[in-house]
$ cat structure.cif   # mmCIF, C-alpha atoms
data_data
#
loop_
_atom_site.label_atom_id
_atom_site.label_comp_id
_atom_site.auth_asym_id
_atom_site.auth_seq_id
_atom_site.Cartn_x
_atom_site.Cartn_y
_atom_site.Cartn_z
CA MET A 240 98.15 122.38 52.75
CA MET A 241 100.78 124.96 53.63
CA VAL A 242 101.14 123.50 57.11
CA TYR A 243 101.49 120.00 55.65
CA GLN A 244 104.24 121.17 53.25
CA ARG A 245 106.15 122.80 56.09
CA TYR A 246 105.80 119.59 58.08
CA LEU A 247 107.26 117.59 55.18
CA GLN A 248 110.11 120.06 54.72
CA GLY A 249 110.94 119.89 58.41
CA LEU A 250 110.81 116.12 58.38
CA LEU A 251 113.14 115.97 55.34
CA CYS A 252 115.62 118.33 57.02
CA LEU A 253 115.58 116.21 60.16
CA MET A 254 116.10 113.01 58.15
CA SER A 255 118.98 114.64 56.25
CA ALA A 256 120.64 115.73 59.50
CA VAL A 257 120.29 112.23 60.95
CA TRP A 258 121.67 110.69 57.74
CA TYR A 259 124.64 113.08 57.69
CA ALA A 260 125.42 112.45 61.37
CA GLY A 261 125.26 108.73 60.67
CA LEU A 262 127.61 109.13 57.71
CA VAL A 263 130.13 111.07 59.76
CA GLN A 264 129.88 108.46 62.52
CA ALA A 265 130.41 105.66 60.00
CA GLN A 266 133.40 107.41 58.48
CA SER A 267 135.02 107.96 61.87
CA ASP A 268 134.28 104.37 62.93
CA VAL A 269 136.19 102.90 59.96
CA TYR A 270 138.93 105.53 59.99
CA PRO A 271 141.51 104.98 58.73
CA ASN A 272 140.85 102.80 55.70
CA LYS A 273 143.80 103.99 53.65
CA PRO A 274 147.36 105.30 54.26
CA ILE A 275 147.84 108.53 56.20
CA LYS A 276 150.42 111.18 55.30
CA PHE A 277 152.57 113.24 57.66
CA ILE A 278 153.61 116.41 55.82
CA VAL A 279 156.99 117.67 57.06
CA GLY A 280 158.20 121.18 56.26
CA PHE A 281 161.88 120.26 56.33
CA VAL A 282 164.22 118.03 54.35
CA ALA A 283 164.71 114.31 54.91
CA GLY A 284 167.21 113.71 57.70
CA SER A 285 166.30 116.87 59.62
CA ALA A 286 165.29 116.58 63.28
CA THR A 287 161.63 117.16 62.39
CA ASP A 288 161.76 114.49 59.70
CA THR A 289 163.44 112.02 62.06
CA ALA A 290 160.81 112.58 64.77
CA ALA A 291 158.00 112.21 62.21
CA ARG A 292 159.31 108.85 61.01
CA ILE A 293 159.68 107.50 64.54
CA ILE A 294 156.13 108.51 65.51
CA ALA A 295 154.73 107.26 62.19
CA GLU A 296 156.21 103.83 62.75
CA ARG A 297 155.06 103.65 66.37
CA ILE A 298 151.39 104.47 65.65
CA ARG A 299 151.13 102.34 62.50
CA PRO A 300 150.26 99.05 64.29
CA GLN A 301 147.37 100.66 66.18
CA LEU A 302 145.85 102.26 63.09
CA GLY A 303 146.47 99.30 60.81
CA GLN A 304 147.57 101.54 57.95
CA GLN A 305 150.83 102.85 56.57
CA ILE A 306 151.86 106.31 57.79
CA LEU A 307 153.80 107.95 54.98
CA VAL A 308 156.17 110.87 55.58
CA GLU A 309 156.22 113.42 52.77
CA ASN A 310 158.78 116.25 52.82
CA ARG A 311 157.69 119.65 51.52
CA PRO A 312 160.55 121.88 52.68
CA GLY A 313 160.85 125.62 52.30
CA ALA A 314 160.05 128.99 53.88
CA ALA A 315 160.58 127.71 57.44
CA SER A 316 157.77 125.14 56.99
CA SER A 317 155.27 127.61 55.47
CA ILE A 318 154.98 125.55 52.27
CA ALA A 319 154.00 122.45 54.24
CA THR A 320 151.58 124.45 56.38
CA GLU A 321 149.76 125.87 53.36
CA PHE A 322 149.54 122.44 51.76
CA VAL A 323 147.89 120.88 54.82
CA ALA A 324 145.62 123.89 55.40
CA ASN A 325 144.21 123.38 51.89
CA ALA A 326 143.99 119.58 52.14
CA PRO A 327 140.76 117.62 52.66
CA ASN A 328 139.74 117.51 56.33
CA ASP A 329 139.23 113.75 56.40
CA GLY A 330 142.21 112.92 58.64
CA TYR A 331 144.44 111.48 55.93
CA ILE A 332 146.77 114.45 55.48
CA LEU A 333 148.32 115.81 58.69
CA LEU A 334 150.99 118.40 59.43
CA PHE A 335 153.93 117.17 61.46
CA SER A 336 154.84 120.62 62.72
CA SER A 337 157.67 122.14 64.73
CA SER A 338 158.37 125.31 66.69
CA SER A 339 159.26 127.17 63.47
CA ALA A 340 155.57 127.47 62.64
CA THR A 341 154.86 129.44 65.82
CA VAL A 342 157.79 131.75 65.10
CA ASN A 343 156.30 132.46 61.67
CA ALA A 344 152.93 133.13 63.26
CA ALA A 345 154.57 135.49 65.76
CA ALA A 346 156.45 137.42 63.09
CA HIS A 347 153.86 137.74 60.35
CA ASP A 348 150.16 138.29 59.88
CA ASN A 349 149.49 136.74 56.50
CA ALA A 350 147.50 133.97 54.85
CA THR A 351 150.00 131.28 55.82
CA THR A 352 150.10 132.12 59.51
CA GLN A 353 146.33 132.54 59.63
CA ALA A 354 146.05 129.11 58.02
CA TYR A 355 148.34 127.67 60.69
CA LYS A 356 146.25 129.17 63.45
CA SER A 357 143.15 127.59 61.92
CA LEU A 358 144.57 124.05 61.99
CA VAL A 359 143.22 121.55 64.51
CA PRO A 360 145.84 120.61 67.14
CA ILE A 361 146.03 116.84 67.61
CA ALA A 362 148.98 116.18 69.91
CA LEU A 363 152.31 117.53 71.08
CA VAL A 364 154.72 114.60 70.96
CA ALA A 365 158.38 115.41 71.61
CA SER A 366 161.09 118.02 71.95
CA ILE A 367 164.82 118.24 71.44
CA PRO A 368 167.22 120.85 72.80
CA ASN A 369 169.55 122.85 70.63
CA ILE A 370 173.23 122.67 71.44
CA LEU A 371 175.52 125.67 71.13
CA VAL A 372 178.52 124.33 69.21
CA VAL A 373 181.65 125.97 67.82
CA ASN A 374 184.27 124.83 65.39
CA SER A 375 187.26 123.49 67.30
CA ASN A 376 189.49 126.08 65.62
CA LEU A 377 187.62 128.98 67.20
CA GLY A 378 189.65 128.53 70.38
CA VAL A 379 186.92 128.61 73.03
CA LYS A 380 185.69 125.82 75.29
CA THR A 381 183.11 127.47 77.55
CA VAL A 382 180.16 129.80 77.15
CA GLN A 383 181.87 132.58 79.06
CA GLU A 384 184.98 132.31 76.88
CA PHE A 385 182.77 132.56 73.82
CA ILE A 386 180.91 135.58 75.18
CA GLY A 387 184.24 137.26 75.91
CA LEU A 388 185.41 136.65 72.35
CA ALA A 389 182.13 137.93 70.89
CA LYS A 390 182.29 141.10 72.98
CA ALA A 391 185.86 141.69 71.84
CA LYS A 392 184.73 141.34 68.20
CA PRO A 393 181.20 142.78 68.06
CA GLY A 394 179.39 141.72 64.89
CA GLU A 395 182.39 139.85 63.50
CA ILE A 396 181.57 136.29 64.58
CA SER A 397 179.03 134.62 62.32
CA TYR A 398 176.65 131.81 63.16
CA ALA A 399 174.76 129.44 60.88
CA SER A 400 171.14 128.36 61.06
CA SER A 401 168.82 126.13 59.08
CA GLY A 402 166.81 129.20 58.09
CA SER A 403 165.32 132.44 59.37
CA GLY A 404 162.74 131.71 62.03
CA SER A 405 164.05 128.22 62.72
CA SER A 406 164.58 127.04 66.28
CA PRO A 407 168.40 127.34 65.96
CA HIS A 408 168.03 130.91 64.68
CA MET A 409 165.70 131.97 67.49
CA SER A 410 167.93 130.27 70.08
CA ALA A 411 170.81 132.41 68.82
CA GLU A 412 168.70 135.58 68.83
CA LEU A 413 167.66 134.97 72.43
CA PHE A 414 171.26 134.18 73.37
CA GLU A 415 172.51 137.41 71.81
CA SER A 416 169.88 139.35 73.71
CA ARG A 417 170.58 137.73 77.08
CA ALA A 418 174.39 137.72 76.73
CA GLN A 419 174.42 141.26 75.30
CA ILE A 420 176.56 140.37 72.30
CA GLN A 421 176.28 140.90 68.55
CA MET A 422 176.81 138.18 65.95
CA GLN A 423 176.22 137.88 62.22
CA HIS A 424 173.41 135.54 61.16
CA VAL A 425 174.02 133.33 58.10
CA PRO A 426 170.79 131.50 57.22
CA TYR A 427 170.84 128.36 55.07
CA LYS A 428 168.09 126.45 53.27
CA GLY A 429 168.62 123.41 55.45
CA SER A 430 170.55 122.06 58.40
CA ALA A 431 172.89 119.89 56.27
CA GLN A 432 174.30 122.86 54.34
CA ALA A 433 174.67 124.87 57.52
CA MET A 434 176.44 122.03 59.31
CA ASN A 435 178.90 121.54 56.42
CA ASP A 436 180.07 125.14 56.68
CA VAL A 437 180.33 124.97 60.48
CA LEU A 438 182.45 121.83 60.19
CA SER A 439 184.71 123.51 57.64
CA GLY A 440 185.05 126.59 59.84
CA LEU A 441 183.62 128.94 57.22
CA VAL A 442 180.90 129.82 59.74
CA PRO A 443 182.27 128.87 63.16
CA VAL A 444 179.15 128.83 65.35
CA MET A 445 175.73 127.19 65.34
CA PHE A 446 172.83 126.31 67.58
CA SER A 447 171.79 122.90 66.33
CA PRO A 448 169.44 120.10 67.40
CA ALA A 449 171.37 117.72 69.63
CA SER A 450 170.89 114.72 67.35
CA SER A 451 172.54 116.51 64.41
CA VAL A 452 175.74 117.47 66.21
CA LEU A 453 176.33 114.47 68.46
CA PRO A 454 178.57 112.58 65.96
CA HIS A 455 180.67 115.68 65.28
CA ILE A 456 181.11 116.40 68.98
CA ARG A 457 182.28 112.83 69.55
CA SER A 458 184.74 113.11 66.65
CA GLY A 459 186.21 116.32 68.09
CA LYS A 460 185.36 118.45 65.05
CA LEU A 461 182.92 120.52 67.07
CA ILE A 462 183.02 121.66 70.68
CA ALA A 463 179.73 121.70 72.57
CA LEU A 464 179.40 124.65 74.95
CA ALA A 465 175.87 124.36 76.36
CA THR A 466 172.33 123.11 75.85
CA THR A 467 169.40 125.47 75.36
CA SER A 468 166.93 123.47 77.46
CA ASN A 469 166.45 123.89 81.20
CA ARG A 470 168.03 120.53 81.95
CA ARG A 471 171.12 118.69 80.78
CA THR A 472 171.02 116.26 77.87
CA PRO A 473 172.17 112.75 78.91
CA LEU A 474 174.11 111.99 75.72
CA ILE A 475 176.09 115.24 75.67
CA ALA A 476 178.04 116.28 78.77
CA VAL A 477 177.51 120.04 78.70
CA PRO A 478 175.82 122.48 81.08
CA THR A 479 172.60 124.31 80.39
CA LEU A 480 172.95 127.93 79.33
CA GLU A 481 171.38 128.90 82.65
CA GLU A 482 174.11 126.99 84.48
CA ALA A 483 176.64 128.77 82.24
CA GLY A 484 175.43 132.17 83.40
CA ILE A 485 172.49 133.01 81.09
CA PRO A 486 169.37 133.29 83.30
CA ASN A 487 165.90 131.98 82.38
CA PHE A 488 167.01 130.34 79.15
CA ASN A 489 164.83 127.47 78.00
CA VAL A 490 164.38 126.82 74.28
CA SER A 491 163.68 123.49 72.62
CA LEU A 492 162.74 122.40 69.15
CA TRP A 493 159.33 120.77 69.65
CA PHE A 494 157.19 118.60 67.40
CA GLY A 495 153.45 118.19 67.16
CA ILE A 496 150.70 117.00 64.84
CA LEU A 497 147.88 119.14 63.45
CA ALA A 498 144.99 118.50 61.05
CA PRO A 499 143.13 120.69 58.53
CA LYS A 500 140.37 122.95 59.81
CA GLY A 501 137.05 121.16 60.10
CA THR A 502 138.47 117.72 60.80
CA ASP A 503 135.82 115.68 62.60
CA SER A 504 136.37 115.68 66.37
CA GLN A 505 136.01 111.90 66.56
CA ILE A 506 138.85 111.45 64.08
CA ALA A 507 140.96 114.02 65.95
CA ASN A 508 140.29 112.31 69.28
CA LYS A 509 141.08 108.88 67.83
CA LEU A 510 144.43 110.14 66.54
CA SER A 511 145.19 111.84 69.83
CA GLY A 512 144.45 108.66 71.77
CA VAL A 513 146.54 106.48 69.47
CA ILE A 514 149.48 108.88 69.71
CA SER A 515 149.19 109.09 73.50
CA LYS A 516 149.27 105.30 73.78
CA ALA A 517 152.34 105.11 71.51
CA LEU A 518 154.15 107.71 73.62
CA ASP A 519 153.53 105.60 76.73
CA ASP A 520 155.36 102.68 75.12
CA PRO A 521 158.93 102.28 76.49
CA GLU A 522 160.15 101.38 73.00
CA THR A 523 158.98 104.77 71.68
CA ARG A 524 160.81 106.51 74.51
CA LYS A 525 163.93 104.48 73.72
CA LEU A 526 163.86 105.37 70.02
CA LEU A 527 163.36 109.07 70.71
CA ALA A 528 166.02 109.11 73.44
CA ALA A 529 168.54 107.67 70.98
CA GLN A 530 168.00 110.89 68.99
CA THR A 531 168.32 112.99 72.20
CA MET A 532 164.57 113.69 72.04
CA ASP A 533 162.23 113.81 75.02
CA ILE A 534 158.57 112.82 75.00
CA VAL A 535 156.29 115.79 75.66
CA LYS A 536 152.66 114.72 75.86
CA ALA A 537 149.79 117.15 75.42
CA ASP A 538 146.21 116.55 74.37
CA PRO A 539 144.50 118.78 71.77
CA GLU A 540 143.42 121.49 74.21
CA GLU A 541 146.79 121.55 75.99
CA PHE A 542 148.59 121.65 72.66
CA LYS A 543 146.40 124.56 71.51
CA SER A 544 147.26 126.53 74.66
CA PHE A 545 150.94 125.71 74.21
CA ILE A 546 150.92 126.98 70.61
CA ASN A 547 149.33 130.25 71.71
CA SER A 548 151.90 130.72 74.48
CA GLU A 549 154.76 130.10 72.03
CA ILE A 550 153.39 132.67 69.59
CA ILE A 551 153.16 135.26 72.37
CA ARG A 552 156.67 134.43 73.57
CA TRP A 553 158.37 134.80 70.19
CA ASN A 554 156.33 137.83 69.24
CA GLY A 555 157.76 139.61 72.28
CA LEU A 556 161.37 138.79 71.34
CA ILE A 557 160.87 139.69 67.67
CA LYS A 558 159.38 143.06 68.53
CA SER A 559 161.82 143.98 71.31
CA ASN A 560 164.89 143.01 69.25
CA LYS A 561 163.44 144.20 65.93
CA ILE A 562 164.23 140.87 64.30
CA ASN A 563 163.56 140.71 60.56
CA LEU A 564 162.53 137.24 59.42
CA ASN A 565 161.86 138.11 55.78
#
$ encode --input "structure.cif" --output "structure tokens"
Amino acid sequence: MMVYQRYLQGLLCLMSAVWYAGLVQAQSDVYPNKPIKFIVGFVAGSATDTAARIIAERIRPQLGQQILVENRPGAASSIATEFVANAPNDGYILLFSSSSATVNAAAHDNATTQAYKSLVPIALVASIPNILVVNSNLGVKTVQEFIGLAKAKPGEISYASSGSGSSPHMSAELFESRAQIQMQHVPYKGSAQAMNDVLSGLVPVMFSPASSVLPHIRSGKLIALATTSNRRTPLIAVPTLEEAGIPNFNVSLWFGILAPKGTDSQIANKLSGVISKALDDPETRKLLAAQTMDIVKADPEEFKSFINSEIIRWNGLIKSNKINLN
């Protein structure tokens, strides 16, 4: 009798496992059957938001569902990260992340950064360089002229950023370290507020995503000195910082998509494949290029390795320069 009961229990467990596997398979086969949300940790109109909306529109036809972009700004994208980390892992709520998240993870060891590290990488999609710009009234037109002015006035020149730990902030920190100068950091709650004060001259310097400063460079209100990436940006005729005399300088604001921990691998792979196909479309490249963004493809495993390398990179700078991101 005991043997027979054990046999029944084993058979029931096996049937349950088969049923659950079939359910998961069925769910992934019909995925998605409702709108998907991209959660963005920055305000509408920011570079991250712009990239999210372009990618959302380009993958919509393949998935046959609306891709909604929801902005949850604050704390250098930590609010958005926490929201997605606590969301259902059914593939309908995804984090459209940026390099700021890896800076947070490099600087802190808390619940938010642990949550970020637990997310499932889906795809790296694009990057955009920051441009070192100055108000036209500052009186400098090259990187070396700016460095000379900063060395003559140590700690007196202020620069704006869209927040502590943001890509513009870390670009400036790395620049200070490599150029051996001291500036005063003025963090803002968003790029729009920061840009307004740079345009007015209240804060004369900023590292900003190329797409945000292009109109102001063309109008003559801002002077572009250099790009932070390791190659020139076609729409802005400025040298790279390496060409301007700062060796081994390569920083870009990158964008990628992650899902909550435990997301089914078939759903993750489907999303990754759809995104990869969209990035191969010339129209996607054209739309991103109009925003001075470059396509950067990486599958889930490559994206995971990239995230880890970014965390290690920024952790080194934060520790060596004793940067406080609180």
$ resolve_selection --input "structure.cif" --expression "the PyMOL selection byres ((chain A and resi 564) around 8)" --output "PyMOL selection string"
chain A and resi 346+403-404+562-563+565
$ residues_around --input "structure.cif" --residues "A:Ser401" --least-positions-apart "3" --cutoff "9 Å" --atoms "all atoms listed in the file" --output "VMD selection string"
chain A and resid 315 404 to 408 425 to 434 447
$ atom_distance --input "structure.cif" --atom1 "atom CA of A:Val373" --atom2 "atom CA of A:Ala345"
28.8 Å
$ resolve_selection --input "structure.cif" --expression "the PyMOL selection byres ((chain A and resi 554) around 12)" --output "ChimeraX atom specification"
/A:341-348,404,409,547-553,555-564
$ closest_residue --input "structure.cif" --among "A:Phe494, A:Ala362, A:Ser357, A:Leu464" --to "A:Asn508" --atoms "all atoms listed in the file"
A:Ala362
$ residues_around --input "structure.cif" --residues "A:Lys356" --least-positions-apart "4" --cutoff "10 Å" --atoms "all atoms listed in the file" --output "list in words"
Ala324, Ala340, Thr341, Ala344, Ala350, Thr351, Thr352, Pro360, Lys500, Lys543, Ile546 and Asn547 of chain A
$ write_last_selection --input "structure.cif" --atoms "C-alpha atoms" --output "PDB file, keeping the file's coordinate frame"
ATOM      1  CA  ALA A 324     145.620 123.890  55.400  1.00  0.00           C
ATOM      2  CA  ALA A 340     155.570 127.470  62.640  1.00  0.00           C
ATOM      3  CA  THR A 341     154.860 129.440  65.820  1.00  0.00           C
ATOM      4  CA  ALA A 344     152.930 133.130  63.260  1.00  0.00           C
ATOM      5  CA  ALA A 350     147.500 133.970  54.850  1.00  0.00           C
ATOM      6  CA  THR A 351     150.000 131.280  55.820  1.00  0.00           C
ATOM      7  CA  THR A 352     150.100 132.120  59.510  1.00  0.00           C
ATOM      8  CA  PRO A 360     145.840 120.610  67.140  1.00  0.00           C
ATOM      9  CA  LYS A 500     140.370 122.950  59.810  1.00  0.00           C
ATOM     10  CA  LYS A 543     146.400 124.560  71.510  1.00  0.00           C
ATOM     11  CA  ILE A 546     150.920 126.980  70.610  1.00  0.00           C
ATOM     12  CA  ASN A 547     149.330 130.250  71.710  1.00  0.00           C
TER      13      ASN A 547
END
$ closest_residue --input "structure.cif" --among "A:Pro443, A:Val372, A:Leu413, A:Ile318" --to "A:Tyr398" --atoms "only C-alpha atoms"
A:Pro443
$ atom_distance --input "structure.cif" --atom1 "atom CA of A:Asp288" --atom2 "atom CA of A:Gln423"
27.6 Å
$ resolve_selection --input "structure.cif" --expression "the PyMOL selection byres ((chain A and resi 529-536) around 7)" --output "mmCIF file with C-alpha atoms, in the coordinates of the input"
data_model
loop_
_atom_site.group_PDB
_atom_site.id
_atom_site.type_symbol
_atom_site.label_atom_id
_atom_site.label_comp_id
_atom_site.auth_asym_id
_atom_site.auth_seq_id
_atom_site.Cartn_x
_atom_site.Cartn_y
_atom_site.Cartn_z
ATOM 1 C CA LEU A 363 152.310 117.530 71.080
ATOM 2 C CA VAL A 364 154.720 114.600 70.960
ATOM 3 C CA ALA A 365 158.380 115.410 71.610
ATOM 4 C CA SER A 366 161.090 118.020 71.950
ATOM 5 C CA ILE A 367 164.820 118.240 71.440
ATOM 6 C CA ALA A 449 171.370 117.720 69.630
ATOM 7 C CA SER A 450 170.890 114.720 67.350
ATOM 8 C CA LEU A 474 174.110 111.990 75.720
ATOM 9 C CA LEU A 518 154.150 107.710 73.620
ATOM 10 C CA ARG A 524 160.810 106.510 74.510
ATOM 11 C CA LYS A 525 163.930 104.480 73.720
ATOM 12 C CA LEU A 526 163.860 105.370 70.020
ATOM 13 C CA LEU A 527 163.360 109.070 70.710
ATOM 14 C CA ALA A 528 166.020 109.110 73.440
ATOM 15 C CA ALA A 537 149.790 117.150 75.420
ATOM 16 C CA ASP A 538 146.210 116.550 74.370
#
$ closest_residue --input "structure.cif" --among "A:Pro539, A:Gly440, A:Gly484, A:Pro454" --to "A:Ala399" --atoms "all atoms listed in the file"
A:Gly440
$ residues_around --input "structure.cif" --residues "A:Ala517" --least-positions-apart "4" --cutoff "9 Å" --atoms "only C-alpha atoms" --output "JSON, numbers by chain"
{"A": [294, 297, 298, 301, 512, 513, 521, 522, 523]}
$ closest_residue --input "structure.cif" --among "A:Lys509, A:Lys380, A:Arg470, A:Lys276" --to "A:Gln304" --atoms "all atoms listed in the file"
A:Lys276
$ residues_near_point --input "structure.cif" --point "(137.2, 114.4, 63.2)" --cutoff "10 Å" --atoms "all atoms listed in the file" --output "ChimeraX atom specification"
/A:263-264,266-267,270,328-330,359,498-510
$ closest_residue --input "structure.cif" --among "A:Ser491, A:Thr479, A:Ser336, A:Gln305" --to "A:Ala319" --atoms "all atoms listed in the file"
A:Ser336
$ atom_distance --input "structure.cif" --atom1 "atom CA of A:Ala389" --atom2 "atom CA of A:Gly402"
21.8 Å
